[in-house]
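Trainee: Supplied structure: data_24.csv, CSV, C-alpha atoms and all ligand atoms.
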chain,number,residue,atom,x,y,z
A,1,MET,CA,0.0,0.0,0.0
A,2,THR,CA,1.3,3.4,-0.9
A,3,GLU,CA,1.8,6.0,1.9
A,4,PRO,CA,-0.8,8.8,2.2
A,5,ILE,CA,0.2,12.1,0.7
A,6,ARG,CA,0.9,14.5,3.6
A,7,VAL,CA,-0.8,17.8,2.8
A,8,THR,CA,-0.5,21.1,4.6
A,9,VAL,CA,-3.2,23.6,3.7
A,10,TRP,CA,-1.8,27.1,4.3
A,11,ASN,CA,-4.0,30.2,4.6
A,12,GLU,CA,-3.3,33.8,5.4
A,13,PHE,CA,-6.5,33.7,7.5
A,14,ARG,CA,-6.9,37.5,7.9
A,15,HIS,CA,-10.0,38.3,5.7
A,16,GLU,CA,-12.1,35.8,7.6
A,17,LYS,CA,-11.3,37.5,10.9
A,18,LYS,CA,-11.9,41.1,9.7
A,19,SER,CA,-14.7,40.9,7.2
A,20,GLU,CA,-18.3,39.8,8.2
A,21,ALA,CA,-19.0,38.9,4.5
A,22,VAL,CA,-16.0,36.6,4.3
A,23,LYS,CA,-16.7,35.1,7.8
A,24,LYS,CA,-20.2,34.2,6.7
A,25,ILE,CA,-18.9,32.1,3.8
A,26,TYR,CA,-15.8,30.7,5.6
A,27,PRO,CA,-16.5,30.8,9.4
A,28,ASP,CA,-13.6,28.6,10.2
A,29,GLY,CA,-11.4,30.0,7.4
A,30,ILE,CA,-10.8,29.2,3.8
A,31,HIS,CA,-8.2,26.6,4.9
A,32,ALA,CA,-10.8,24.6,6.8
A,33,VAL,CA,-13.0,24.3,3.6
A,34,ILE,CA,-10.1,23.3,1.4
A,35,ALA,CA,-8.9,20.7,3.9
A,36,ALA,CA,-12.4,19.3,4.2
A,37,GLY,CA,-12.7,19.0,0.5
A,38,LEU,CA,-9.4,17.1,0.3
A,39,ARG,CA,-10.4,14.7,3.1
A,40,GLU,CA,-13.7,14.1,1.5
A,41,LEU,CA,-12.4,13.4,-2.0
A,42,LEU,CA,-9.1,11.7,-1.2
A,43,GLY,CA,-9.9,9.9,2.1
A,44,LYS,CA,-7.1,7.6,3.1
A,45,GLN,CA,-4.9,8.8,0.2
A,46,VAL,CA,-4.1,11.9,2.3
A,47,THR,CA,-3.4,13.2,5.7
A,48,VAL,CA,-4.3,16.9,5.9
A,49,GLN,CA,-3.2,19.5,8.4
A,50,THR,CA,-3.6,23.3,8.2
A,51,ALA,CA,-1.3,26.2,8.9
A,52,THR,CA,-1.9,29.9,9.0
A,53,LEU,CA,0.1,33.2,8.9
A,54,ASP,CA,-0.3,34.3,12.5
A,55,GLU,CA,1.0,31.0,13.9
A,56,PRO,CA,4.7,31.0,15.0
A,57,GLU,CA,6.8,30.7,11.8
A,58,HIS,CA,3.4,30.9,10.0
A,59,GLY,CA,2.8,27.3,11.0
A,60,LEU,CA,5.5,26.3,8.6
A,61,THR,CA,8.3,25.1,10.9
A,62,ASP,CA,11.2,23.0,9.6
A,63,GLU,CA,9.4,20.0,11.0
A,64,VAL,CA,6.1,20.8,9.3
A,65,LEU,CA,7.9,21.5,6.0
A,66,ALA,CA,10.0,18.3,6.2
A,67,ASN,CA,6.8,16.3,6.7
A,68,THR,CA,4.8,18.0,4.0
A,69,ASP,CA,4.5,16.4,0.5
A,70,VAL,CA,2.1,19.0,-0.9
A,71,LEU,CA,1.5,22.5,0.3
A,72,THR,CA,-1.5,24.5,-0.8
A,73,TRP,CA,-1.2,28.3,-0.5
A,74,TRP,CA,-3.9,31.0,-0.2
A,75,GLY,CA,-2.9,34.6,0.5
A,76,HIS,CA,-4.1,38.0,-0.5
A,77,CYS,CA,-3.7,41.1,1.7
A,78,ALA,CA,-0.7,40.1,3.8
A,79,HIS,CA,1.8,38.7,1.3
A,80,ARG,CA,4.3,41.2,2.8
A,81,ASP,CA,3.9,39.8,6.3
A,82,VAL,CA,5.3,36.4,5.2
A,83,ALA,CA,8.9,36.2,6.5
A,84,ASP,CA,11.5,35.8,3.8
A,85,SER,CA,13.2,33.1,5.8
A,86,VAL,CA,10.0,31.0,5.5
A,87,VAL,CA,9.6,31.8,1.8
A,88,ASP,CA,13.2,30.6,1.2
A,89,LYS,CA,12.5,27.3,3.1
A,90,VAL,CA,9.3,26.7,1.2
A,91,ALA,CA,11.0,27.4,-2.2
A,92,ALA,CA,13.9,25.1,-1.2
A,93,ARG,CA,11.4,22.3,-0.4
A,94,VAL,CA,9.8,22.7,-3.7
A,95,LEU,CA,13.1,22.3,-5.5
A,96,GLU,CA,13.6,19.1,-3.4
A,97,GLY,CA,10.3,17.8,-4.7
A,98,MET,CA,7.5,19.1,-2.4
A,99,GLY,CA,4.4,19.9,-4.5
A,100,LEU,CA,3.0,23.4,-4.3
A,101,ILE,CA,-0.6,24.4,-5.2
A,102,VAL,CA,-0.9,28.2,-5.4
A,103,LEU,CA,-4.5,29.4,-5.3
A,104,HIS,CA,-6.1,32.6,-6.6
A,105,SER,CA,-4.5,35.7,-5.2
A,106,GLY,CA,-1.5,33.6,-4.3
A,107,HIS,CA,-0.2,34.7,-7.7
A,108,TYR,CA,1.4,37.6,-5.7
A,109,ALA,CA,2.7,35.4,-2.9
A,110,LYS,CA,6.4,35.9,-2.3
A,111,VAL,CA,7.1,32.2,-2.8
A,112,PHE,CA,5.2,32.1,-6.1
A,113,LYS,CA,7.0,35.1,-7.5
A,114,LYS,CA,10.4,33.7,-6.3
A,115,LEU,CA,9.7,30.4,-8.0
A,116,MET,CA,8.4,32.1,-11.2
A,117,GLY,CA,11.1,34.8,-11.4
A,118,THR,CA,8.6,37.2,-12.9
A,119,GLY,CA,6.3,39.9,-11.5
A,120,CYS,CA,3.1,37.7,-11.8
A,121,HIS,CA,1.0,40.8,-12.6
A,122,LEU,CA,-2.5,40.5,-14.2
A,123,TYR,CA,-5.7,42.5,-14.8
A,124,TRP,CA,-8.5,42.2,-12.3
A,125,ARG,CA,-12.1,43.3,-11.8
A,126,GLU,CA,-14.5,42.7,-9.0
A,127,ALA,CA,-17.9,42.6,-10.7
A,128,ALA,CA,-19.2,39.2,-9.6
A,129,GLU,CA,-19.2,38.1,-13.2
A,130,ARG,CA,-19.6,34.6,-14.7
A,131,GLU,CA,-16.5,32.6,-15.3
A,132,ARG,CA,-16.3,29.7,-17.7
A,133,ILE,CA,-13.3,27.4,-17.1
A,134,TRP,CA,-12.3,25.4,-20.1
A,135,THR,CA,-10.3,22.2,-19.9
A,136,ILE,CA,-7.7,22.3,-22.6
A,137,ALA,CA,-5.3,19.5,-21.6
A,138,GLN,CA,-7.3,16.5,-22.6
A,139,GLY,CA,-6.4,13.4,-20.6
A,140,HIS,CA,-4.4,15.3,-18.0
A,141,PRO,CA,-4.5,13.8,-14.5
A,142,ILE,CA,-5.7,17.1,-13.0
A,143,THR,CA,-8.8,16.9,-15.2
A,144,GLU,CA,-9.9,13.4,-13.9
A,145,GLY,CA,-13.6,13.3,-13.2
A,146,LEU,CA,-14.5,16.5,-15.1
A,147,GLU,CA,-17.3,15.5,-17.4
A,148,LYS,CA,-17.7,18.5,-19.7
A,149,ASP,CA,-15.5,20.7,-21.8
A,150,TYR,CA,-16.0,23.5,-19.3
A,151,PHE,CA,-17.7,24.3,-16.1
A,152,GLU,CA,-18.9,27.6,-14.8
A,153,LEU,CA,-18.8,29.7,-11.6
A,154,GLU,CA,-21.6,32.2,-11.5
A,155,HIS,CA,-20.0,34.9,-9.5
A,156,THR,CA,-16.2,35.5,-9.6
A,157,GLU,CA,-13.6,38.1,-9.5
A,158,MET,CA,-12.0,38.4,-12.9
A,159,TYR,CA,-8.3,37.9,-13.6
A,160,GLY,CA,-7.3,38.7,-17.1
A,161,GLU,CA,-4.3,38.3,-19.4
A,162,PRO,CA,-1.6,39.2,-19.8
A,163,PHE,CA,-0.6,37.2,-16.8
A,164,ASP,CA,3.1,37.9,-16.1
A,165,ILE,CA,4.4,34.3,-15.6
A,166,PRO,CA,6.9,32.2,-17.5
A,167,GLN,CA,5.3,30.0,-20.2
A,168,PRO,CA,3.8,27.2,-18.1
A,169,ASP,CA,5.2,23.7,-18.6
A,170,GLU,CA,1.6,22.4,-18.9
A,171,LEU,CA,-1.5,24.6,-19.4
A,172,VAL,CA,-4.5,22.7,-18.1
A,173,PHE,CA,-7.3,25.3,-17.9
A,174,ILE,CA,-8.1,28.7,-19.4
A,175,SER,CA,-10.9,30.9,-18.3
A,176,TRP,CA,-13.4,33.1,-20.2
A,177,PHE,CA,-15.2,35.9,-18.3
A,178,GLU,CA,-18.5,37.4,-18.9
A,179,GLY,CA,-16.8,40.8,-19.3
A,180,GLY,CA,-14.7,39.5,-22.2
A,181,ASP,CA,-11.3,38.8,-20.6
A,182,VAL,CA,-9.5,35.5,-20.7
A,183,PHE,CA,-6.9,34.0,-18.4
A,184,ARG,CA,-4.6,31.0,-18.0
A,185,SER,CA,-6.3,29.6,-15.0
A,186,GLY,CA,-4.6,26.2,-14.5
A,187,CYS,CA,-0.8,26.1,-15.0
A,188,VAL,CA,1.8,23.5,-14.1
A,189,PHE,CA,5.4,24.5,-13.6
A,190,ARG,CA,8.3,22.3,-12.8
A,191,ARG,CA,11.1,23.7,-10.6
A,192,GLY,CA,13.9,21.4,-9.6
A,193,ALA,CA,12.3,18.1,-8.6
A,194,GLY,CA,9.0,19.8,-7.6
A,195,ARG,CA,5.8,20.6,-9.4
A,196,ILE,CA,3.7,23.7,-8.9
A,197,PHE,CA,0.1,24.1,-9.9
A,198,TYR,CA,-1.4,27.5,-10.1
A,199,PHE,CA,-5.2,27.5,-10.0
A,200,ARG,CA,-7.1,30.8,-10.3
A,201,PRO,CA,-10.6,30.5,-8.8
A,202,GLY,CA,-11.0,31.4,-5.1
A,203,HIS,CA,-11.9,35.0,-4.3
A,204,GLU,CA,-12.8,35.3,-0.6
A,205,THR,CA,-16.2,36.8,-0.9
A,206,PHE,CA,-17.6,34.0,-3.1
A,207,PRO,CA,-18.1,30.4,-2.0
A,208,ILE,CA,-15.7,29.0,-4.6
A,209,TYR,CA,-14.1,26.3,-2.5
A,210,TYR,CA,-17.5,24.6,-2.0
A,211,ASP,CA,-17.8,24.1,-5.7
A,212,ALA,CA,-17.6,20.4,-6.7
A,213,ASN,CA,-15.5,21.0,-9.7
A,214,VAL,CA,-13.1,23.3,-7.9
A,215,ARG,CA,-12.7,20.7,-5.1
A,216,ARG,CA,-12.2,17.9,-7.6
A,217,ILE,CA,-9.4,19.9,-9.4
A,218,ILE,CA,-7.6,20.7,-6.1
A,219,ALA,CA,-7.8,17.1,-5.1
A,220,ASN,CA,-6.5,15.9,-8.5
A,221,ALA,CA,-3.8,18.5,-8.4
A,222,THR,CA,-2.7,17.3,-4.9
A,223,ARG,CA,-2.1,13.9,-6.3
A,224,TYR,CA,-0.4,15.2,-9.4
A,225,VAL,CA,2.1,17.5,-7.7
A,226,ALA,CA,2.9,15.0,-4.9
A,227,PRO,CA,6.5,13.8,-5.0
A,228,VAL,CA,7.2,10.7,-7.0
A,229,ALA,CA,8.2,7.8,-4.7
A,230,ASN,CA,11.8,6.7,-5.1
A,231,ALA,CA,12.4,9.3,-7.9
A,232,TYR,CA,16.0,10.4,-8.6
A,233,PRO,CA,16.7,12.9,-5.8
A,234,TYR,CA,17.2,16.6,-6.3
A,235,ARG,CA,21.0,17.4,-6.4
A,236,LYS,CA,21.8,20.4,-4.3
A,237,ASN,CA,25.4,20.9,-5.3
A,238,SER,CA,27.7,20.9,-8.3
A,239,PRO,CA,30.5,18.4,-7.8
A,240,ASN,CA,33.5,18.5,-10.1
A,241,ARG,CA,33.4,15.2,-12.0
A,242,LYS,CA,37.1,15.5,-12.7
A,243,GLU,CA,37.6,11.9,-13.6
A,244,PRO,CA,35.7,11.3,-16.8
A,245,LEU,CA,33.4,8.3,-17.0
A,246,SER,CA,35.0,7.3,-20.3
A,247,PRO,CA,38.4,8.4,-21.9
A,248,ILE,CA,38.4,11.9,-23.5
A,249,ALA,CA,40.5,12.2,-26.7
A,250,SER,CA,40.7,15.9,-26.7
A,251,ARG,CA,44.1,17.5,-25.9
A,252,HIS,CA,42.7,20.9,-25.0
A,253,LYS,CA,44.3,22.2,-21.9
A,254,VAL,CA,42.0,23.3,-19.1
A,255,ASP,CA,43.0,26.1,-16.8
A,256,GLU,CA,42.0,24.7,-13.5
A,257,SER,CA,42.9,27.9,-11.7
A,258,LEU,CA,39.6,29.3,-12.9
A,259,HIS,CA,37.6,26.7,-11.2
A,260,ARG,CA,35.8,27.5,-8.0
A,261,THR,CA,36.8,25.2,-5.2
A,301,ZN,ZN,-9.6,37.8,-5.1
For this file, write the structure as structure tokens.
Ligand code: ZN
Mentor:
Amino acid sequence: MTEPIRVTVWNEFRHEKKSEAVKKIYPDGIHAVIAAGLRELLGKQVTVQTATLDEPEHGLTDEVLANTDVLTWWGHCAHRDVADSVVDKVAARVLEGMGLIVLHSGHYAKVFKKLMGTGCHLYWREAAERERIWTIAQGHPITEGLEKDYFELEHTEMYGEPFDIPQPDELVFISWFEGGDVFRSGCVFRRGAGRIFYFRPGHETFPIYYDANVRRIIANATRYVAPVANAYPYRKNSPNRKEPLSPIASRHKVDESLHRT
């Protein structure tokens, strides 16, 4: 039997404390609803814990990170409050193979921008408009269980292109919005040994994380970005393989004084 995927659902958890409208939709926090969805859909395939910004070390201690296979990230108004030391540790874990699912306004999270290397800017509009999310990667594991070409969310915040990200390694979903904009809503990136899935829906004043398709996609993505058991490990150094594996005929002289030690 394969080991369960150890998931940590991280949430900034500030809107839910300050805004009555958000509290009404997510009384125990967005993280509680995302965690419940994962437990419901994946059962014994996962163990799920949550962590939030205002916990010591944002709930992401070395021990928590070492024991996390997949981290999901929701943040919005307090990206700047996330300590750089924690960001660096999360990014390092991704390179080692930890999966990362970045949700909605997490596009501006420090850790996402660090791993993308771009500004991650986009257009946005809060007009409670309809979003149609199209599946474009047929047969992709993240689309498992989706029955139609697209699904719709009645009221969403719009995110529009251009989205300032590197070209995704896999583009799984694109969104069309009632107001005419389009957006790359489901993107997979590989960094080091890790996989990152950016998934757009999830504005805090709409009950997006109760939606069956959204829950299904986050569950599928959790399995997809989870580390591959017994995969070739991530190499963190650059050893000098001075002795060639097979004889080299070239007589070119190498100036070894230029090599770093
Ligand atoms: Zn939003």
Trainee: Dump the neighbourhood of ligand ZN 301 (chain A) as a count of residues only: all residues within 9 Å, distances computed on only C-alpha atoms and all ligand atoms.
Mentor: 14
Trainee: List the spatial neighbours of Thr68 in chain A as a list in words - criterion: any atom at most 10 Å away, all atoms listed in the file, same-chain residues fewer than 4 positions off excluded.
Mentor: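 Returned residues: Ile5, Arg6, Val7, Thr8, Val9, Thr47, Val48, Gln49, Leu60, Asp62, Glu63, Val64, Arg93, Met98, Gly99 and Ala226 of chain A.
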Trainee: How many Å lie between CA of Ile174 in chain A and CA of Ile218 in chain A, rounded to one decimal?
Mentor: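 These atoms are spaced 15.5 Å apart.
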Trainee: Using all atoms listed in the file, find the one residue out of A:Pro166, A:Gly117, A:Pro56, A:Gly160 that sits nearest to Cys187 in chain A.
Mentor: A:Pro166
Trainee: Using all atoms listed in the file, can you tell me which of A:Glu96, A:Val214, A:Glu129, A:Asp255 comes closest to Tyr232 in chain A?
Mentor: A:Glu96
Trainee: Near Asp81 in chain A, within 10 Å and counting only C-alpha atoms, which residues show up once chain neighbours fewer than 6 positions away are dropped, as a ChimeraX atom specification?
Mentor: /A:12,53-54,58,110
Trainee: Nearest to Phe189 in chain A among A:Ile136, A:Ile165, A:Ala128, A:Val46, with distances taken over only C-alpha atoms: which residue is it?
Mentor: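 Using only C-alpha atoms, the shortest distance to Phe189 in chain A belongs to A:Ile165.
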